[in-house]
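Asker: Can you read through this structure? Questions will come right after.
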Amino acid sequence: MDEPRGEDDYSFALETSEAARKKRHHWMTSRRGFALVGLSVLLLLAIVQWRHHQSANRSEEFLPTALRGMRALREQRFEEAHELLDDALGKLNDEQRQRDDVADFRQAHAELGILVGLLDRPLDEALSSPADRSLLKGQTLVIDAEVSPTDDGWRIGHVAFMGETPVAFDPAGLRLFDQLGIDSPTRLIFGAGLDEPRLLEERWYLRLDVDSGVLLTDPGIADALGLLGDSGSRERLVEQHQLFESARTPAGSND
């Protein structure tokens, strides 16, 4: 005949049951955790794949749109060309936009940006009006001048006037000059975005948006800007295009 269970026996049974319950709970919790982690990984992979697919689709749309923009440029439909190239470049991510095979499209888009954003009056006239001076920022300007490196930046050999007061260009210059590797006085035809003039040590300086510099190379755009008054101007555009090409070609790439 079985002996009656003592109090210790029931206590052991309860402890064993509780341990088993905790073990099952831990196992189920761990399993849920692994399932959630696995689901999160799958979801992340799906998002990455979807984004890659979307990016691939958009990049495939780049070339047809860009070519339409270049066609509009050749046909001198400048605003349409700028909009199409803007749309085309917007389909690429930052890395894709910096590829060598996109450089000509970037350059055309930048030159068109100078043309469509051009200041609608002579610079001296705009500078002479306080109301107009406040509206200069964001508009563009074309400059035909000698550019020289200096100890504190750059000297642009063109002086504007605010009434009878001469206004020099801010020595901060443009990043374009660094990219071109200018180390001696060089005559350039370039465009840039304007900023507001500033008074420094009782002298007025006209600031340029340092990231906005564009070397002009396209004959159609140059003609629309009134820059092809003589045969020498065309030759200079050819020289500038060669300068643009050499600036974007890494050193030693032709070895």
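Chain labels run A, B, ... following the order of the structure tokens; each chain numbers its residues from 1, and ligands are numbered from 1 in the order shown.
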Please identify all polymer residues within 7 Å of segment 200-215 of chain A, counting only C-alpha atoms, omitting same-chain residues fewer than 4 positions from it, and present them as a PyMOL selection string.

Answerer: chain A and resi 110-111+167-170+173-176+189-196

Asker: Please provide as a ChimeraX atom specification all residues within 12 Å of Ser184 of chain A, with the sequence filter that same-chain residues fewer than 4 positions apart are discarded (counting only C-alpha atoms).

Answerer: /A:146-150,154-155,177-178,180

Asker: Write out as an MDAnalysis selection string all residues of segment 108-250 of chain A that backbone DSSP assigns to strand (DSSP E).

Answerer: chainID A and resid 140:150 153:156 160:162 165:169 186:193 198:200 203:206 214:215

Asker: Using only C-alpha atoms, pick whichever of A:Arg74, A:Arg248, A:His109, A:Arg121 has the shortest atom-to-atom distance to Asp87 of chain A.

Answerer: A:His109

Asker: Mind pulling up the distance from atom CA of Leu237 of chain A to atom CA of Thr217 of chain A?

Answerer: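 Straight-line distance from atom CA of Thr217 of chain A to atom CA of Leu237 of chain A works out to 5.2 Å.
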
Asker: Counting only C-alpha atoms, which of A:Leu123, A:Leu227, A:Ile182, A:Leu92 gets nearest to Ala160 of chain A?

Answerer: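 Closest candidate: A:Leu123.
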
Asker: Just to confirm, what's the straight-line distance from atom CA of Ala66 of chain A to atom CA of Gln107 of chain A in Å (one decimal)?

Answerer: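 Going from atom CA of Ala66 of chain A over to atom CA of Gln107 of chain A covers 12.0 Å.
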
Asker: My list of candidates is A:Asn93, A:Ser246, A:Thr65, A:Ser233. Which is closest to Arg187 of chain A when distances are computed with only C-alpha atoms?

Answerer: A:Ser233

Asker: Just give me the gap between atom CA of Leu216 of chain A and atom CA of Glu61 of chain A in Å, one decimal is fine.

Answerer: 27.2 Å

Asker: Which residues are close to Ser134 of chain A, i.e. within 12 Å by only C-alpha atoms, leaving aside same-chain residues fewer than 5 positions away? Reply as a ChimeraX atom specification.

Answerer: /A:126-129,139,194-198

Asker: Export, as a PDB file, in the first residue's frame, the selected residues with N, CA and C atoms.

Answerer:
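Listed below is the output, again_19.pdb:
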ATOM      1  N   ALA A 126      20.651  97.050 -61.512  1.00  0.00           N
ATOM      2  CA  ALA A 126      20.085  96.336 -60.365  1.00  0.00           C
ATOM      3  C   ALA A 126      20.782  96.730 -59.066  1.00  0.00           C
ATOM      4  N   LEU A 127      22.090  96.931 -59.129  1.00  0.00           N
ATOM      5  CA  LEU A 127      22.839  97.304 -57.932  1.00  0.00           C
ATOM      6  C   LEU A 127      22.493  98.711 -57.454  1.00  0.00           C
ATOM      7  N   SER A 128      22.097  99.570 -58.368  1.00  0.00           N
ATOM      8  CA  SER A 128      21.835 100.969 -58.018  1.00  0.00           C
ATOM      9  C   SER A 128      20.511 101.164 -57.298  1.00  0.00           C
ATOM     10  N   SER A 129      19.657 100.153 -57.330  1.00  0.00           N
ATOM     11  CA  SER A 129      18.355 100.257 -56.679  1.00  0.00           C
ATOM     12  C   SER A 129      18.328  99.384 -55.423  1.00  0.00           C
ATOM     13  N   GLN A 139      19.228  84.829 -58.593  1.00  0.00           N
ATOM     14  CA  GLN A 139      19.300  85.077 -60.027  1.00  0.00           C
ATOM     15  C   GLN A 139      20.720  84.796 -60.512  1.00  0.00           C
ATOM     16  N   LEU A 194      23.809  84.607 -58.117  1.00  0.00           N
ATOM     17  CA  LEU A 194      24.139  85.804 -57.342  1.00  0.00           C
ATOM     18  C   LEU A 194      23.687  85.679 -55.896  1.00  0.00           C
ATOM     19  N   ASP A 195      24.413  86.349 -55.037  1.00  0.00           N
ATOM     20  CA  ASP A 195      24.000  86.538 -53.655  1.00  0.00           C
ATOM     21  C   ASP A 195      23.921  88.048 -53.432  1.00  0.00           C
ATOM     22  N   GLU A 196      23.496  88.459 -52.262  1.00  0.00           N
ATOM     23  CA  GLU A 196      23.381  89.891 -52.008  1.00  0.00           C
ATOM     24  C   GLU A 196      24.767  90.511 -51.838  1.00  0.00           C
ATOM     25  N   PRO A 197      24.947  91.771 -52.277  1.00  0.00           N
ATOM     26  CA  PRO A 197      26.231  92.443 -52.051  1.00  0.00           C
ATOM     27  C   PRO A 197      26.444  92.695 -50.563  1.00  0.00           C
ATOM     28  N   ARG A 198      27.698  92.769 -50.163  1.00  0.00           N
ATOM     29  CA  ARG A 198      28.001  93.031 -48.757  1.00  0.00           C
ATOM     30  C   ARG A 198      29.004  94.170 -48.646  1.00  0.00           C
TER      31      ARG A 198
END

Asker: A:Ala131, A:Leu188, A:Val142, A:Ala172: which is nearest Gln240 of chain A, counting only C-alpha atoms?

Answerer: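 Among the listed residues, the smallest separation from Gln240 of chain A belongs to A:Leu188.
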
Asker: Please identify the alpha helix (DSSP H) residues within segment 89-241 of chain A (assignment by DSSP from backbone atoms) and present them as an MDAnalysis selection string.

Answerer: chainID A and resid 89:90 94:97 103:116 123:128 130:133 175:180 219:224 231:241

Asker: Using only C-alpha atoms, pick whichever of A:Asp151, A:Glu95, A:Asp104, A:Asp144 has the shortest atom-to-atom distance to Asp218 of chain A.

Answerer: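 Among the listed residues, A:Asp104 lies closest to Asp218 of chain A.
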
Asker: With only C-alpha atoms as the basis for distance, which of A:Ala108, A:Gly226, A:Pro122, A:Leu199 is at the shortest distance from Thr165 of chain A?

Answerer: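 For Thr165 of chain A, the nearest of the given residues is A:Leu199.
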